[in-house]
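Data from upload39.json: JSON, C-alpha atoms
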```json
[["chain", "number", "residue", "atom", "x", "y", "z"],
["A", 1, "MET", "CA", -2.73, -11.37, 5.98],
["A", 2, "GLY", "CA", -3.49, -7.65, 5.75],
["A", 3, "TRP", "CA", -6.07, -5.81, 3.67],
["A", 4, "CYS", "CA", -4.75, -4.57, 0.33],
["A", 5, "GLY", "CA", -6.20, -1.12, -0.22],
["A", 6, "GLU", "CA", -6.18, 1.37, -3.11],
["A", 7, "GLU", "CA", -2.92, 2.90, -1.88],
["A", 8, "ASP", "CA", -1.28, -0.52, -2.06],
["A", 9, "MET", "CA", -2.67, -1.18, -5.54],
["A", 10, "THR", "CA", -1.15, 2.02, -6.91],
["A", 11, "ALA", "CA", 2.14, 1.82, -5.00],
["A", 12, "ARG", "CA", 5.27, 2.50, -7.03],
["A", 13, "ALA", "CA", 8.98, 2.01, -6.49],
["A", 14, "GLY", "CA", 10.39, 4.12, -3.70],
["A", 15, "SER", "CA", 7.05, 4.30, -1.92],
["A", 16, "GLY", "CA", 8.12, 1.87, 0.80],
["A", 17, "LYS", "CA", 5.73, -0.71, -0.63],
["A", 18, "GLN", "CA", 8.12, -2.53, -2.95],
["A", 19, "TYR", "CA", 6.30, -5.88, -2.68],
["A", 20, "GLU", "CA", 2.97, -4.38, -3.67],
["A", 21, "TRP", "CA", 4.61, -2.55, -6.56],
["A", 22, "GLU", "CA", 6.20, -5.76, -7.82],
["A", 23, "ALA", "CA", 2.92, -7.68, -7.42],
["A", 24, "ASN", "CA", 1.02, -4.97, -9.31],
["A", 25, "ASP", "CA", 3.55, -5.07, -12.16],
["A", 26, "PHE", "CA", 3.38, -8.87, -12.28],
["A", 27, "ALA", "CA", -0.44, -8.88, -12.28],
["A", 28, "ALA", "CA", -0.61, -6.20, -14.98],
["A", 29, "GLU", "CA", 1.79, -8.14, -17.19],
["A", 30, "LEU", "CA", -0.06, -11.41, -16.59],
["A", 31, "LEU", "CA", -3.57, -10.02, -17.20],
["A", 32, "MET", "CA", -2.71, -7.28, -19.71],
["A", 33, "PRO", "CA", 0.59, -8.20, -21.44],
["A", 34, "ARG", "CA", 2.32, -5.00, -22.54],
["A", 35, "ARG", "CA", 2.64, -5.59, -26.28],
["A", 36, "PRO", "CA", -0.86, -7.00, -26.94],
["A", 37, "PHE", "CA", -2.45, -4.39, -24.66],
["A", 38, "GLN", "CA", -0.47, -1.60, -26.31],
["A", 39, "SER", "CA", -1.59, -2.86, -29.72],
["A", 40, "ASP", "CA", -5.24, -3.04, -28.58],
["A", 41, "ALA", "CA", -4.99, 0.42, -27.00],
["A", 42, "GLN", "CA", -3.42, 2.01, -30.07],
["A", 43, "GLY", "CA", -5.81, 4.37, -31.77],
["A", 44, "ARG", "CA", -8.02, 4.64, -28.67],
["A", 45, "ASP", "CA", -8.35, 8.00, -26.99],
["A", 46, "PRO", "CA", -7.68, 8.36, -23.25],
["A", 47, "ILE", "CA", -11.37, 8.42, -22.42],
["A", 48, "PHE", "CA", -13.30, 5.99, -20.26],
["A", 49, "ARG", "CA", -15.70, 5.09, -23.08],
["A", 50, "ASP", "CA", -12.74, 3.49, -24.89],
["A", 51, "LEU", "CA", -11.08, 2.03, -21.81],
["A", 52, "VAL", "CA", -14.27, 0.29, -20.63],
["A", 53, "GLU", "CA", -14.02, -1.74, -23.86],
["A", 54, "LEU", "CA", -10.47, -2.82, -22.97],
["A", 55, "ALA", "CA", -11.56, -3.81, -19.44],
["A", 56, "ASP", "CA", -14.52, -5.83, -20.75],
["A", 57, "PRO", "CA", -14.55, -9.62, -20.17],
["A", 58, "GLY", "CA", -14.37, -10.05, -23.96],
["A", 59, "MET", "CA", -11.00, -8.26, -23.97],
["A", 60, "TYR", "CA", -8.90, -8.29, -20.77],
["A", 61, "ASP", "CA", -11.51, -8.92, -18.05],
["A", 62, "VAL", "CA", -10.02, -6.44, -15.57],
["A", 63, "SER", "CA", -11.34, -3.47, -13.64],
["A", 64, "VAL", "CA", -11.62, -0.17, -15.49],
["A", 65, "THR", "CA", -9.11, 1.26, -13.01],
["A", 66, "ALA", "CA", -6.58, -1.47, -13.91],
["A", 67, "ALA", "CA", -7.15, -0.93, -17.65],
["A", 68, "ALA", "CA", -6.77, 2.85, -17.22],
["A", 69, "LEU", "CA", -3.53, 2.45, -15.25],
["A", 70, "ARG", "CA", -2.13, 0.10, -17.89],
["A", 71, "TYR", "CA", -3.24, 2.47, -20.67],
["A", 72, "VAL", "CA", -1.36, 5.33, -19.00],
["A", 73, "GLU", "CA", 1.74, 3.11, -18.81],
["A", 74, "VAL", "CA", 1.75, 2.15, -22.49],
["A", 75, "THR", "CA", 0.28, 5.11, -24.39],
["A", 76, "SER", "CA", 2.13, 7.76, -26.34],
["A", 77, "GLU", "CA", -0.68, 10.24, -25.50],
["A", 78, "ALA", "CA", -0.04, 12.96, -22.92],
["A", 79, "CYS", "CA", -2.52, 11.92, -20.25],
["A", 80, "ALA", "CA", -2.85, 11.47, -16.51],
["A", 81, "LEU", "CA", -5.19, 9.31, -14.46],
["A", 82, "VAL", "CA", -6.38, 11.10, -11.31],
["A", 83, "CYS", "CA", -8.22, 9.31, -8.51],
["A", 84, "SER", "CA", -10.17, 11.41, -6.03],
["A", 85, "ARG", "CA", -12.41, 10.83, -3.04],
["A", 86, "ALA", "CA", -14.57, 13.38, -1.25],
["A", 87, "GLY", "CA", -13.18, 16.21, -3.37],
["A", 88, "ALA", "CA", -9.49, 15.47, -2.65],
["A", 89, "ILE", "CA", -6.92, 13.79, -4.87],
["A", 90, "GLU", "CA", -5.82, 10.35, -3.67],
["A", 91, "TRP", "CA", -3.28, 9.54, -6.37],
["A", 92, "VAL", "CA", -2.11, 10.47, -9.87],
["A", 93, "ALA", "CA", -0.53, 8.29, -12.57],
["A", 94, "LYS", "CA", 1.03, 10.04, -15.58],
["A", 95, "SER", "CA", 2.01, 8.76, -19.02],
["A", 96, "ASP", "CA", 5.62, 9.31, -20.10],
["A", 97, "ALA", "CA", 4.40, 12.00, -22.53],
["A", 98, "PHE", "CA", 2.55, 13.92, -19.79],
["A", 99, "ARG", "CA", 5.09, 16.61, -18.81],
["A", 100, "TYR", "CA", 2.79, 18.96, -16.92],
["A", 101, "ARG", "CA", 2.32, 19.72, -13.26],
["A", 102, "VAL", "CA", -1.10, 18.87, -11.87],
["A", 103, "PRO", "CA", -2.51, 18.99, -8.36],
["A", 104, "TRP", "CA", -1.12, 16.14, -6.28],
["A", 105, "ARG", "CA", -2.12, 13.76, -3.51],
["A", 106, "GLY", "CA", -4.06, 15.51, -0.77],
["A", 107, "ASP", "CA", -4.81, 18.58, -2.90],
["A", 108, "ALA", "CA", -8.42, 19.60, -3.48],
["A", 109, "LEU", "CA", -9.87, 18.88, -6.90],
["A", 110, "PRO", "CA", -9.79, 21.97, -9.11],
["A", 111, "GLY", "CA", -13.08, 23.84, -8.74],
["A", 112, "ALA", "CA", -13.83, 23.93, -12.48],
["A", 113, "SER", "CA", -12.94, 20.27, -13.11],
["A", 114, "VAL", "CA", -15.51, 17.74, -14.23],
["A", 115, "ALA", "CA", -14.39, 15.53, -11.32],
["A", 116, "ARG", "CA", -15.37, 18.28, -8.85],
["A", 117, "ALA", "CA", -18.79, 18.53, -10.50],
["A", 118, "VAL", "CA", -19.21, 14.73, -10.25],
["A", 119, "CYS", "CA", -18.28, 14.86, -6.56],
["A", 120, "ASN", "CA", -21.04, 17.47, -6.20],
["A", 121, "GLY", "CA", -23.64, 15.20, -7.82],
["A", 122, "ALA", "CA", -23.26, 15.79, -11.58],
["A", 123, "GLU", "CA", -23.24, 12.86, -13.98],
["A", 124, "PRO", "CA", -19.79, 11.65, -15.07],
["A", 125, "ASN", "CA", -18.80, 12.12, -18.72],
["A", 126, "ASP", "CA", -17.03, 9.06, -20.17],
["A", 127, "GLY", "CA", -16.31, 11.01, -23.36],
["A", 128, "ALA", "CA", -13.93, 13.94, -23.75],
["A", 129, "GLU", "CA", -15.07, 17.22, -22.22],
["A", 130, "THR", "CA", -13.00, 20.25, -23.26],
["A", 131, "LEU", "CA", -11.59, 22.36, -20.43],
["A", 132, "ASP", "CA", -9.55, 25.50, -20.04],
["A", 133, "PRO", "CA", -5.92, 24.26, -19.67],
["A", 134, "TYR", "CA", -5.56, 26.17, -16.39],
["A", 135, "VAL", "CA", -8.21, 24.04, -14.68],
["A", 136, "TRP", "CA", -5.82, 21.08, -14.28],
["A", 137, "LEU", "CA", -2.40, 22.24, -15.44],
["A", 138, "GLU", "CA", 0.26, 24.65, -14.35],
["A", 139, "VAL", "CA", 1.18, 25.99, -17.79],
["A", 140, "GLU", "CA", 2.80, 29.10, -19.16],
["A", 141, "HIS", "CA", 0.55, 31.74, -20.65],
["A", 142, "GLY", "CA", 0.69, 31.45, -24.40],
["A", 143, "ASP", "CA", 1.06, 27.65, -24.42],
["A", 144, "SER", "CA", -1.26, 26.42, -27.14],
["A", 145, "LEU", "CA", -2.92, 23.38, -25.59],
["A", 146, "GLU", "CA", -6.24, 21.61, -25.68],
["A", 147, "VAL", "CA", -7.19, 19.83, -22.47],
["A", 148, "PHE", "CA", -9.90, 17.21, -22.13],
["A", 149, "GLU", "CA", -11.29, 15.41, -19.09],
["A", 150, "SER", "CA", -13.14, 12.11, -19.04],
["A", 151, "THR", "CA", -14.68, 10.92, -15.77],
["A", 152, "LEU", "CA", -15.87, 7.70, -14.20],
["A", 153, "SER", "CA", -17.65, 7.42, -10.87],
["A", 154, "ILE", "CA", -16.99, 4.39, -8.66],
["A", 155, "PRO", "CA", -19.68, 4.75, -5.96],
["A", 156, "SER", "CA", -18.72, 1.51, -4.16],
["A", 157, "GLN", "CA", -15.30, 3.05, -3.45],
["A", 158, "GLY", "CA", -16.52, 6.62, -3.08],
["A", 159, "GLN", "CA", -14.12, 7.56, -5.88],
["A", 160, "VAL", "CA", -14.12, 9.58, -9.07],
["A", 161, "LEU", "CA", -11.53, 8.78, -11.72],
["A", 162, "SER", "CA", -10.48, 11.41, -14.25],
["A", 163, "LEU", "CA", -8.43, 11.01, -17.37],
["A", 164, "VAL", "CA", -6.85, 14.37, -18.14],
["A", 165, "TRP", "CA", -5.66, 14.44, -21.75],
["A", 166, "VAL", "CA", -3.45, 17.17, -23.23],
["A", 167, "VAL", "CA", -3.10, 17.82, -26.95],
["A", 168, "ALA", "CA", -0.64, 20.45, -28.10],
["A", 169, "GLU", "CA", -2.42, 22.36, -30.87],
["A", 170, "ASP", "CA", 0.65, 22.07, -33.12],
["A", 171, "SER", "CA", 0.79, 18.27, -32.65],
["A", 172, "GLY", "CA", -1.29, 17.57, -35.76],
["A", 173, "HIS", "CA", -3.69, 15.39, -33.71],
["A", 174, "ASP", "CA", -7.04, 14.95, -35.43],
["A", 175, "ASP", "CA", -10.10, 15.38, -33.18]]
```
Is it possible to give me this structure as structure tokens?
Amino acid sequence: MGWCGEEDMTARAGSGKQYEWEANDFAAELLMPRRPFQSDAQGRDPIFRDLVELADPGMYDVSVTAAALRYVEVTSEACALVCSRAGAIEWVAKSDAFRYRVPWRGDALPGASVARAVCNGAEPNDGAETLDPYVWLEVEHGDSLEVFESTLSIPSQGQVLSLVWVVAEDSGHDD
């Protein structure tokens, strides 16, 4: 039996790790059934402060990473979960509503990102920190967007997780 690492846990179809992908889907559905999880996630912002509550033993009793991945799968919010280690991006998971280009696996974290600051010793922010849209996104000038970043440090894995959340200013979203 081989070691199942982070890359295996986030494997998706077409990655050459079909069995891991199927096992991840099965485990997510078993531990966090789509409809109840989606109902519990509704009204929660894509910030770690909210997702820690979903991961709690009183709710789904899963890791915050697992809850964040499931949240990204079921939400109607435009958000992406970015995992980094040592200042480089390891993987990215995007919600269906997230239609923006972001740095990808192997790329350095953006210099002005909260994740970069956390890698350099700053405290993570599990709330929503407002950023210039150009920090994370490749967007057209004139696009009217608000971008937020929420971070979580996982020292035992040497990782920083970021939830990057995009709100189009004409979306009518109340913040």
Item to complete: Could you give me, as a PyMOL selection string, the residues that have an atom at most 12 Å away from the point (-18.2, 16.0, -21.9) in the coordinates of the file, using all atoms listed in the file?
Response: chain A and resi 47-49+113-115+117-118+122-131+147-152+162-163
Would you put the residues from that selection into a file with C-alpha atoms, as a short mmCIF file (atom, residue, chain, number, x, y, z; two decimals), in the frame of the given file?
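Output (out_19.cif):
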```
data_model
loop_
_atom_site.label_atom_id
_atom_site.label_comp_id
_atom_site.auth_asym_id
_atom_site.auth_seq_id
_atom_site.Cartn_x
_atom_site.Cartn_y
_atom_site.Cartn_z
CA ILE A 47 -11.37 8.42 -22.42
CA PHE A 48 -13.30 5.99 -20.26
CA ARG A 49 -15.70 5.09 -23.08
CA SER A 113 -12.94 20.27 -13.11
CA VAL A 114 -15.51 17.74 -14.23
CA ALA A 115 -14.39 15.53 -11.32
CA ALA A 117 -18.79 18.53 -10.50
CA VAL A 118 -19.21 14.73 -10.25
CA ALA A 122 -23.26 15.79 -11.58
CA GLU A 123 -23.24 12.86 -13.98
CA PRO A 124 -19.79 11.65 -15.07
CA ASN A 125 -18.80 12.12 -18.72
CA ASP A 126 -17.03 9.06 -20.17
CA GLY A 127 -16.31 11.01 -23.36
CA ALA A 128 -13.93 13.94 -23.75
CA GLU A 129 -15.07 17.22 -22.22
CA THR A 130 -13.00 20.25 -23.26
CA LEU A 131 -11.59 22.36 -20.43
CA VAL A 147 -7.19 19.83 -22.47
CA PHE A 148 -9.90 17.21 -22.13
CA GLU A 149 -11.29 15.41 -19.09
CA SER A 150 -13.14 12.11 -19.04
CA THR A 151 -14.68 10.92 -15.77
CA LEU A 152 -15.87 7.70 -14.20
CA SER A 162 -10.48 11.41 -14.25
CA LEU A 163 -8.43 11.01 -17.37
#
```
Worksheet entry | Pick from A:Glu73, A:Asp107, A:Asp61, A:Glu20, whichever lies nearest to Ala88 (chain A) using only C-alpha atoms |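 So, comparing all the options, the nearest one is A:Asp107.
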Discussion item. Residues near Ile89 (chain A), anyone? I mean within 8 Å using all atoms listed in the file, not counting same-chain ones fewer than 6 positions away, as a ChimeraX atom specification.
Written reply: /A:82-83,103-109
Worksheet entry | Nearest-residue call for Val72 (chain A), choices A:Pro36, A:Gly87, A:Pro57, A:Pro46, using all atoms listed in the file | A:Pro46
Practice prompt. Go through A:Gln42, A:Ala67, A:Ala86, A:Ala93 and flag the residue nearest Leu54 (chain A), using all atoms listed in the file for the distances.
Written response: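 Nearest to Leu54 (chain A): A:Ala67.
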Fill in: Top pick for closest residue to Tyr100 (chain A), considering A:Pro155, A:Pro33, A:Pro133, A:Gly43 and counting only C-alpha atoms
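When distances to Tyr100 (chain A) are compared using only C-alpha atoms, the smallest one comes from A:Pro133.
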Fill in: Atomic separation - CA of Thr65 (chain A) relative to CA of Leu81 (chain A), Å
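CA of Leu81 (chain A) sits 9.1 Å away from CA of Thr65 (chain A).
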Worksheet item: Mind pulling up the distance from CA of Ser84 (chain A) to CA of Tyr60 (chain A)?
Response: 24.6 Å
Fill in: Between CA of Asn120 (chain A) and CA of Val139 (chain A) - distance in Å to one decimal
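Computing it gives 26.5 Å between the two atoms.
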Discussion item. Ranking A:Leu30, A:Ala55, A:Glu90, A:Ser95 by minimum distance to Gln159 (chain A) and counting all atoms listed in the file, which one comes first?
Written reply: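 For Gln159 (chain A), the nearest of the given residues is A:Glu90.
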Worksheet item: For Pro110 (chain A), which of A:Leu145, A:Ala28, A:Asp50, A:Val135 is the closest residue, counting all atoms listed in the file?
Response: A:Val135
